[in-house]
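A quick write-up on the structure given underneath.
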Amino acid sequence: MTVNPRVNPKKLRPYDEPPKRRRTLIPSAPDSSAIGFIVVAALWLVLSGALGLLALGLRFIPFEFSFGLGIFNLAFQIDPRRVDYAFVNAAVYGWLSNAGFAAICFMAPRLTGRRLALEPLVLLGLLAWNSALLAGIASLYFLDLGPHAPLTAMHWLFDGGLAAGAFIVTLSLVLTSLSSLMSSYVSLWFAGIAALSLLGLLSANALVGVIDWIIGLDDVIEGLASVAIQRATTTLWLLGMAYAVLHYVVPRAVLQPLASRGVAILTFLTWLVLAPASALAVLVDDSVPYLITSLGAAATIALFVPAALAFGNLAMTMSGRWSVLFGTGAGALAAVSLVFLLATSLLEAIGALGDVNLYLGPTDWGTGVFIWSAFGLFTFAAFALADHAVPRMLKRAWVEGMPSAAQLWLTFGGATIAGLALMGSGLAEGSLLATQTPPDEVRAALLVYRVIAFGAFGLVALGGLAMLTNLFMIYTTSEPVEYVLPGQPATAAGH
C-alpha cells in the first residue's frame, strides 16, 4: 500500500466527525439583522426603565450633582432635566427605534417575497445607530443642553451617527421593496414613509446643529426647530411604525384577512397628511403666526380619525376570533396597543386645545401622556411584533408561559397607573397654580401622585426584564422545528 506523500493523514477528517461550521465576522443569514435589533431593543427597554425610575424619583426627591473634569470647562452633571432627556432618548431612540428597525427587517422580506437587501450592511447600521446613541446619551450629562427639546438635545455629531444607521436601514428597505411598492401591503407603505421621515428628521436636526456651530442661531429659532422635529418624530416615525406593525400582526395573529383594504389605505392617507402638519402645533411663539399654530392644532385633533379607522378596521379583522384577547400572545398584545392608540389620540387632541395647553403645558400632564404613548401604544405594538416574529426567526415552537404573562401584565399595569398618576398630578398642579398656591404647598400636594407614578413605573422596568427572560426562554427551552401545522406557534417559512 502506498501513501500519497502530499497528503498528511493527521489532517484527514474522520468520517464520523461532521465538518465544522464556518462563521463569518458579520452574520449574513436571513433574519440575522432583525434578531439583532430585537435583542438590542430589549436591552434598551430595561435601561430606559431604569432611567425612567430615576427621572420620576427626582420629581419628589430633588437632587443635583456636578463634578468638574478640569478640561474644556466640562463637568459631569446630574439634574432632573438631564435625567429626563436621557430617559426620553433611551425610550424613543433606544427601545422603540430598534424595535421599529427589527419590524422593518422582518416584515419587508415577507411582504415582498425577496431576501432583505444588504443584510450584512444592516448589521453595521445597527452598530452605528447604537454606538452613536450610547455616546449621545452619555454626552447629555456633560454638554450644554441649550434650548433643545429632549429628542434633539444630543450633539450634531451623534445625530449624524444616528442618521447613518437610519440611512442604511432605509436603503435596505427601499432596495428590497421598490419594485413591488405599488402592489404591496399597506404595512410596507407605513414603514417606508416612517423610515424616510426618521432619516430626514435626524438629518435636519444635525444640519441645525452644524449651522448653529458655524454661524450661531437665535435661541428662539433653534428652540422652535427643536420642538417641531421632536413632534414630527413621534407622529411620523413612531406612529407610522405602530400602524405598520398593527396592520401586519393582527391579521396573522387571528389567521384572517384584513377586514377592509380600502379603510387601511384611507388610514394611511389621512395619517400621511395630518402627521407632518401636527408638528406645527408646537410652534408656540409670538413670532409664529397664529394661523400656523391653529392649523397644527387642528391636524393634531384630526389625528384621531386615522386612529379610529385603524381601530375599527382591525377590530373587524378580529371578529369571530375574540378568544385571542384572553391570552398573552400577539393578538392580545396588539389589542392592548389599539386601545392605547385611541386613548392617546384623544388625549393629544384634548391637549392641543389652546386653553388646555396653557393650563397643563408646564405640568406633569405631558409626561403622563408620553408614558401612555411610549410604553402603552408603541411598546405593545413592539411586543406584538416580537411575539409573532421571534419564534419564526429562530424556528422555535414557542408556547407562551409565565414570562409572557409577566411581560404583558407588568407593563400594562405599570404604564396605565403611572400615566394616570402623572396626568392626575398635572390636573392638580394646574388647579393649584391657577389659584396662586405657594410652590412649597404645590410640591407637597403633588407628592402622592408622583410616588404612585414612581412605584407603578417600576413595574414597567420589571416588564422589560420579563421580555429579556422571554427571549432567553424561547432560544434555550423551545424545540427547534422545520415546519408546523396551521395554528401552531411557529413556522420555518416565517409567514
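Chain labels A, B, ... are given in the sequence in which chains occur in the C-alpha cells; within each chain residues are numbered consecutively from 1, and ligands are likewise numbered from 1 in the order shown.
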
Shell of 6 Å around A:Val460, only C-alpha atoms, local chain residues under 3 positions omitted, as a count of residues only: 5

To test your reading of the structure, identify every residue in stretch 309-433 of chain A that backbone DSSP assigns to alpha helix (DSSP H), and report it as a PyMOL selection string. chain A and resi 309-317+330-351+354-360+365-372+379-394+402-433

Would you kindly return, as JSON, numbers by chain, each protein, DNA or RNA residue with an atom no farther than 6 Å from any atom of stretch 197-208 of chain A, considering only C-alpha atoms and excluding same-chain residues fewer than 5 positions away? {"A": [156, 159, 163, 166, 237]}

So that I can see what lies close to stretch 90-101 of chain A, please list as a list of chain:residue names the residues with an atom at most 8 Å from it, counting only C-alpha atoms and leaving out residues fewer than 5 positions away in the same chain. A:Ala34, A:Phe37, A:Ile38, A:Val40, A:Ala41, A:Ala42, A:Leu43, A:Trp44, A:Leu45, A:Leu47, A:Ser48, A:Asn130, A:Leu133, A:Ile137, A:Val169, A:Leu238, A:Met241, A:Ala374, A:Phe378, A:Thr379, A:Ala382

Residue with smallest distance to A:Ala297 - pool A:Gly354, A:Gly240, A:Gly376, A:Gly223, counting only C-alpha atoms: A:Gly354

As a PyMOL selection string, please: the residues near A:Thr112 (cut-off 9 Å, only C-alpha atoms, same-chain neighbours under 4 positions excluded). chain A and resi 107-108+176-177+179-181+184-185+188

Just the selected residues (C-alpha atoms), exported as a PDB file, in the first residue's frame, please.
```pdb
ATOM      1  CA  MET A 107     -41.715  42.437   7.508  1.00  0.00           C
ATOM      2  CA  ALA A 108     -40.057  43.646   4.301  1.00  0.00           C
ATOM      3  CA  THR A 176     -35.993  45.307  -1.047  1.00  0.00           C
ATOM      4  CA  SER A 177     -39.410  46.739  -1.803  1.00  0.00           C
ATOM      5  CA  SER A 179     -40.043  47.005  -7.490  1.00  0.00           C
ATOM      6  CA  SER A 180     -43.257  45.898  -5.765  1.00  0.00           C
ATOM      7  CA  LEU A 181     -44.110  49.009  -3.766  1.00  0.00           C
ATOM      8  CA  SER A 184     -47.588  45.719  -1.807  1.00  0.00           C
ATOM      9  CA  TYR A 185     -49.437  45.533   1.501  1.00  0.00           C
ATOM     10  CA  LEU A 188     -44.922  48.469   3.757  1.00  0.00           C
TER      11      LEU A 188
END
```

I need the residue nearest A:Met467 from this list: A:Phe87, A:Phe380, A:Tyr449, A:Phe340. Use only C-alpha atoms for the distance.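 Of A:Phe87, A:Phe380, A:Tyr449, A:Phe340, the one nearest A:Met467 is A:Phe380, counting only C-alpha atoms.
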
Between atom CA of A:Leu385 and atom CA of A:Ala117, what is the spacing in Å?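 Straight-line distance from atom CA of A:Ala117 to atom CA of A:Leu385 works out to 20.7 Å.
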
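Take the candidates A:Ala244, A:Ile350, A:Leu69, A:Ala75 and check each one against A:Leu143 using only C-alpha atoms; the shortest distance goes to A:Ala75.
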